[in-house]
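Here is data_12.cif, consisting of mmCIF, C-alpha atoms:
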```
data_final
#
loop_
_atom_site.label_atom_id
_atom_site.label_comp_id
_atom_site.auth_asym_id
_atom_site.auth_seq_id
_atom_site.Cartn_x
_atom_site.Cartn_y
_atom_site.Cartn_z
CA MET A 42 28.70 -16.97 -21.19
CA GLN A 43 28.49 -18.40 -17.65
CA GLN A 44 29.93 -15.19 -16.22
CA LYS A 45 27.31 -13.10 -18.05
CA LYS A 46 24.52 -15.40 -16.83
CA ALA A 47 25.73 -15.18 -13.24
CA LYS A 48 26.00 -11.40 -13.48
CA SER A 49 22.44 -11.18 -14.85
CA LEU A 50 21.11 -13.29 -12.01
CA GLU A 51 23.02 -11.20 -9.49
CA LEU A 52 21.47 -8.00 -10.78
CA ALA A 53 17.98 -9.54 -10.79
CA LEU A 54 18.22 -10.48 -7.14
CA PHE A 55 20.42 -7.90 -5.50
CA ALA A 56 20.52 -4.67 -7.49
CA ALA A 57 16.96 -3.43 -7.00
CA LYS A 58 16.44 0.25 -6.30
CA PRO A 59 14.96 0.88 -2.81
CA ALA A 60 11.38 2.19 -2.63
CA VAL A 61 9.83 1.23 0.69
CA GLN A 62 12.86 1.11 2.95
CA PRO A 63 16.58 1.75 2.35
CA LEU A 64 18.79 -1.12 1.19
CA LYS A 65 22.24 -1.53 2.67
CA ALA A 66 25.19 -1.27 0.32
CA PRO A 67 25.34 -4.63 -1.48
CA ARG A 68 28.10 -7.05 -0.70
CA THR A 69 29.97 -8.96 -3.36
CA ALA A 70 27.56 -11.64 -4.51
CA ASP A 71 28.28 -15.26 -5.19
CA VAL A 72 25.04 -16.25 -6.90
CA SER A 73 24.53 -19.79 -8.12
CA ASP A 74 20.86 -20.73 -7.92
CA ILE A 75 18.16 -18.17 -7.23
CA VAL A 76 14.78 -19.29 -5.94
CA GLU A 77 11.65 -17.20 -6.53
CA ALA A 78 8.39 -17.65 -4.65
CA ASP A 79 5.24 -15.68 -3.87
CA HIS A 80 4.49 -14.87 -0.25
CA ASP A 81 1.25 -13.04 0.45
CA LYS A 82 1.65 -9.60 -1.21
CA TYR A 83 5.32 -9.98 -2.11
CA LEU A 84 7.74 -11.73 -4.45
CA ILE A 85 10.56 -13.45 -2.56
CA ARG A 86 13.98 -14.15 -4.06
CA ALA A 87 16.58 -16.21 -2.23
CA GLY A 88 20.17 -17.00 -3.07
CA ARG A 89 23.69 -17.10 -1.66
CA LEU A 90 25.51 -13.84 -1.10
CA GLY A 91 29.11 -13.82 0.08
CA GLY A 92 28.81 -17.26 1.64
CA THR A 93 25.53 -16.45 3.43
CA TYR A 94 22.04 -17.34 2.26
CA VAL A 95 19.91 -14.22 1.84
CA ALA A 96 16.18 -13.95 1.19
CA ARG A 97 14.62 -10.68 0.09
CA ALA A 98 11.04 -9.58 -0.48
CA PHE A 99 10.13 -7.25 -3.35
CA PRO A 100 6.90 -5.74 -4.66
CA LYS A 101 4.98 -8.30 -6.66
CA PRO A 102 4.45 -7.43 -10.36
CA PRO A 103 2.69 -5.54 -11.84
CA SER A 104 3.33 -3.14 -8.96
CA LYS A 105 4.49 0.38 -9.85
CA ALA A 106 7.03 0.21 -7.01
CA GLN A 107 10.56 -1.08 -7.26
CA GLY A 108 12.84 -1.95 -4.41
CA LEU A 109 13.35 -3.89 -1.23
CA ILE A 110 10.57 -4.57 1.26
CA ALA A 111 12.49 -6.72 3.76
CA GLU A 112 15.41 -9.13 3.97
CA ALA A 113 16.73 -11.89 6.20
CA GLU A 114 19.74 -14.21 6.34
CA GLY A 115 20.22 -17.85 7.29
CA ASP A 116 22.69 -20.72 7.28
CA THR A 117 20.62 -22.41 4.58
CA GLU A 118 18.27 -21.24 1.87
CA LEU A 119 15.29 -22.63 3.80
CA ALA A 120 16.42 -20.89 7.00
CA ALA A 121 16.69 -17.56 5.19
CA LEU A 122 13.24 -17.95 3.64
CA THR A 123 11.70 -18.94 6.97
CA ALA A 124 13.33 -15.99 8.74
CA LEU A 125 12.11 -13.56 6.07
CA LYS A 126 8.51 -14.79 6.24
CA ALA A 127 8.57 -14.53 10.03
CA LYS A 128 9.96 -10.99 9.77
CA ILE A 129 7.20 -9.92 7.38
CA GLU A 130 4.48 -11.45 9.55
CA ALA A 131 5.87 -9.79 12.69
CA ARG A 132 5.98 -6.45 10.91
CA ASP A 133 2.35 -6.82 9.83
CA VAL A 134 1.25 -7.63 13.38
CA GLN A 135 3.14 -4.63 14.74
CA ARG A 136 1.57 -2.36 12.12
CA ILE A 137 -1.93 -3.44 13.10
CA GLU A 138 -1.24 -2.89 16.80
CA VAL A 139 -0.22 0.75 16.34
CA ARG A 140 -2.99 1.81 13.94
CA ARG A 141 -4.99 4.84 15.04
CA TRP A 142 -8.59 4.21 16.00
CA ASP A 143 -10.82 6.78 14.33
CA GLU A 144 -14.12 7.37 16.12
CA ASN A 145 -15.63 9.19 13.13
CA SER A 146 -15.27 6.24 10.77
CA SER A 147 -15.10 3.42 13.34
CA ILE A 148 -12.00 1.86 11.79
CA SER A 149 -8.32 1.47 12.66
CA VAL A 150 -6.52 3.82 10.28
CA PRO A 151 -3.23 2.57 8.79
CA ASN A 152 -0.18 4.79 9.08
CA GLU A 153 1.44 6.74 6.24
CA GLU A 154 3.98 4.00 5.45
CA GLU A 155 1.23 1.41 5.02
CA PHE A 156 -0.79 3.70 2.78
CA VAL A 157 2.26 4.52 0.65
CA GLU A 158 2.92 0.82 0.08
CA ALA A 159 -0.75 0.20 -0.76
CA LEU A 160 -0.85 3.11 -3.23
CA TYR A 161 2.17 1.70 -5.04
CA GLN A 162 0.89 -1.88 -5.02
CA THR A 163 -2.82 -1.57 -5.84
CA PRO A 164 -4.04 -1.14 -9.46
CA LEU A 165 -5.78 2.22 -9.05
CA SER A 166 -7.40 3.73 -12.14
CA ARG A 167 -6.73 7.25 -13.41
CA PRO A 168 -10.09 8.58 -12.11
CA GLN A 169 -9.36 7.06 -8.69
CA ILE A 170 -5.91 8.67 -8.62
CA ALA A 171 -7.41 12.00 -9.72
CA MET A 172 -9.94 11.86 -6.88
CA LEU A 173 -7.29 10.95 -4.30
CA ARG A 174 -4.99 13.78 -5.42
CA ALA A 175 -7.78 16.35 -5.34
CA HIS A 176 -9.01 15.06 -1.99
CA ALA A 177 -5.53 15.24 -0.45
CA PHE A 178 -5.10 18.79 -1.78
CA ALA A 179 -8.37 19.82 -0.07
CA ARG A 180 -6.83 18.88 3.30
CA GLU A 181 -9.10 19.54 6.31
CA ASN A 182 -11.73 21.24 4.15
CA GLY A 183 -12.67 17.90 2.59
CA MET A 184 -14.82 17.40 -0.48
CA THR A 185 -18.39 16.40 -1.31
CA PHE A 186 -19.01 13.55 -3.72
CA ASP A 187 -20.18 16.07 -6.30
CA GLN A 188 -16.76 17.71 -6.06
CA LEU A 189 -14.99 14.36 -6.22
CA ALA A 190 -17.01 13.51 -9.32
CA ARG A 191 -15.86 16.69 -11.05
CA ALA A 192 -12.24 16.02 -10.06
CA ALA A 193 -12.41 12.66 -11.83
CA GLY A 194 -14.34 13.94 -14.85
CA TYR A 195 -17.63 12.26 -13.94
CA LYS A 196 -21.06 13.87 -14.21
CA SER A 197 -22.72 11.43 -11.84
CA ARG A 198 -22.30 11.56 -8.08
CA ASP A 199 -23.28 7.88 -7.87
CA THR A 200 -20.52 6.93 -10.32
CA ALA A 201 -17.98 8.86 -8.25
CA LEU A 202 -19.19 7.13 -5.08
CA LYS A 203 -18.84 3.72 -6.71
CA VAL A 204 -15.33 4.44 -8.05
CA PHE A 205 -14.17 6.01 -4.78
CA CYS A 206 -15.46 3.04 -2.78
CA LYS A 207 -13.70 0.66 -5.16
CA ALA A 208 -10.42 2.43 -4.39
CA GLY A 209 -11.21 1.95 -0.71
CA ASP A 210 -11.91 -1.74 -1.31
CA LEU A 211 -8.55 -2.22 -3.05
CA ILE A 212 -6.58 -0.49 -0.31
CA ALA A 213 -8.50 -2.13 2.54
CA ASP A 214 -8.03 -5.56 0.98
CA TYR A 215 -4.30 -5.01 0.47
CA LEU A 216 -3.75 -3.78 4.04
CA GLY A 217 -6.16 -6.20 5.67
CA VAL A 218 -8.36 -3.47 7.14
CA GLU A 219 -11.81 -4.68 8.16
CA VAL A 220 -14.83 -2.40 7.84
CA ASP A 221 -18.06 -3.44 9.55
CA GLN A 222 -20.44 -3.19 6.60
CA ASP A 223 -23.44 -4.29 8.70
CA THR A 224 -23.42 -1.13 10.81
CA LEU A 225 -22.74 1.34 7.99
CA PRO A 226 -24.86 2.85 5.19
CA ASP A 227 -25.00 0.95 1.91
CA ARG A 228 -21.99 1.36 -0.37
CA GLU A 229 -20.17 3.81 1.90
CA GLY A 230 -18.26 1.32 4.03
CA ALA A 231 -15.17 1.03 1.83
CA ALA A 232 -14.87 4.81 1.55
CA LEU A 233 -14.21 5.03 5.30
CA ILE A 234 -10.72 3.56 4.87
CA LEU A 235 -9.96 6.72 2.88
CA ALA A 236 -11.92 9.42 4.70
CA PHE A 237 -14.52 10.18 7.34
CA LYS A 238 -17.85 11.96 6.93
CA TYR A 239 -18.61 15.41 8.27
CA ILE A 240 -22.36 15.95 8.31
CA GLN A 241 -23.22 19.65 8.50
CA GLY A 242 -27.01 19.43 8.36
CA GLU A 243 -29.97 17.94 6.52
CA ASP A 244 -29.90 20.41 3.64
CA VAL A 245 -26.11 20.69 3.37
CA PRO A 246 -24.06 18.17 1.33
CA THR A 247 -21.98 15.78 3.42
CA VAL A 248 -18.26 16.54 3.33
CA TRP A 249 -15.71 13.72 3.29
CA ILE A 250 -12.38 14.56 4.93
CA MET A 251 -9.40 12.39 3.99
CA HIS A 252 -7.51 10.74 6.84
CA PRO A 253 -4.29 12.74 7.47
CA GLU A 254 -2.17 9.58 7.16
CA LEU A 255 -3.54 9.00 3.67
CA ARG A 256 -3.13 12.68 2.73
CA ASP A 257 0.58 12.46 3.48
CA ALA A 258 0.84 9.15 1.63
CA VAL A 259 -0.90 10.51 -1.48
CA ARG A 260 1.49 13.46 -1.59
CA ALA A 261 4.44 11.07 -1.27
CA ALA A 262 3.33 8.34 -3.68
CA LEU A 263 1.01 10.02 -6.22
CA HIS A 264 2.78 13.36 -6.73
#
```
As structure tokens, how would this structure be written, given the file I've shared?
Amino acid sequence: MQQKKAKSLELALFAAKPAVQPLKAPRTADVSDIVEADHDKYLIRAGRLGGTYVARAFPKPPSKAQGLIAEAEGDTELAALTALKAKIEARDVQRIEVRRWDENSSISVPNEEEFVEALYQTPLSRPQIAMLRAHAFARENGMTFDQLARAAGYKSRDTALKVFCKAGDLIADYLGVEVDQDTLPDREGAALILAFKYIQGEDVPTVWIMHPELRDAVRAALH
């Protein structure tokens, strides 16, 4: 019975299938006590593996993703946990520093890897996913909100705008992207994390063109 329990704990901590980044081949585990804790967007599990304390971060339920986000080792359980948290925080700082500044939308656009993680982690609805897929397929041609409404099965442009902006809110919140709502038109601010506007003229509908980083992420995560 004890052997079965230990094996179950070992699988829970160390046998996850990689989704965000590859996991090294697992070493023989010697798992006694496993500690679980939330850290920001992730679920952390820590335990002893082959005489070394290892802490690993995984997607937090009910995420659709499975697999390893990051890992760190230490001489003690606390040291491993501290090292892992520092590693995650350093990665987040580095991600922010290399984001592309987009003049059209006046935001720092996350890279494909960030968008992929956000698409897996955020609770997007079916209409939101339908809009993102259609928008990515349109590539540089972009789409109007009337077209996005039809892609999601809505009759109302205003409904599509609201749902699209909600998707932007979820992704911006997850990735910590700030949009200056005070300098932007009402209700459109959150959409700018997903796309930028191309205004052709007063009597021509505005076209929204999805950021290329998000296009690639949608094809990778929402195929």
Exercise. Expressed in Å to a single decimal, how great is the separation between atom CA of Tyr195 of chain A and atom CA of Leu165 of chain A?
Worked result: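 Taking atom CA of Tyr195 of chain A and atom CA of Leu165 of chain A, their separation equals 16.3 Å.
Separating atom CA of Gly230 of chain A from atom CA of Asp81 of chain A is a distance of 24.5 Å.
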Problem set entry | Shortest interatomic distance to Arg141 of chain A - which of A:Ile110, A:Ile250, A:Val218, A:Leu125, counting only C-alpha atoms | A:Val218
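Across A:Tyr94, A:Tyr215, A:Phe99, A:Phe186, the tightest approach to Val157 of chain A is made by A:Tyr215 when counting only C-alpha atoms.
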For this session: Find the spatial neighbours of Leu211 of chain A, counting all atoms listed in the file, within a cut-off of 9 Å - ignore same-chain residues fewer than 2 positions away - and output them as a PyMOL selection string.
Result: chain A and resi 159+163-165+206-209+213-216+231
For this session: For Gln169 of chain A, list every protein, DNA or RNA residue within 8 Å, evaluated using all atoms listed in the file, and leave out those in the same chain fewer than 2 positions away; present the list as a PyMOL selection string.
Result: chain A and resi 165-167+171-173+193+204-205+208
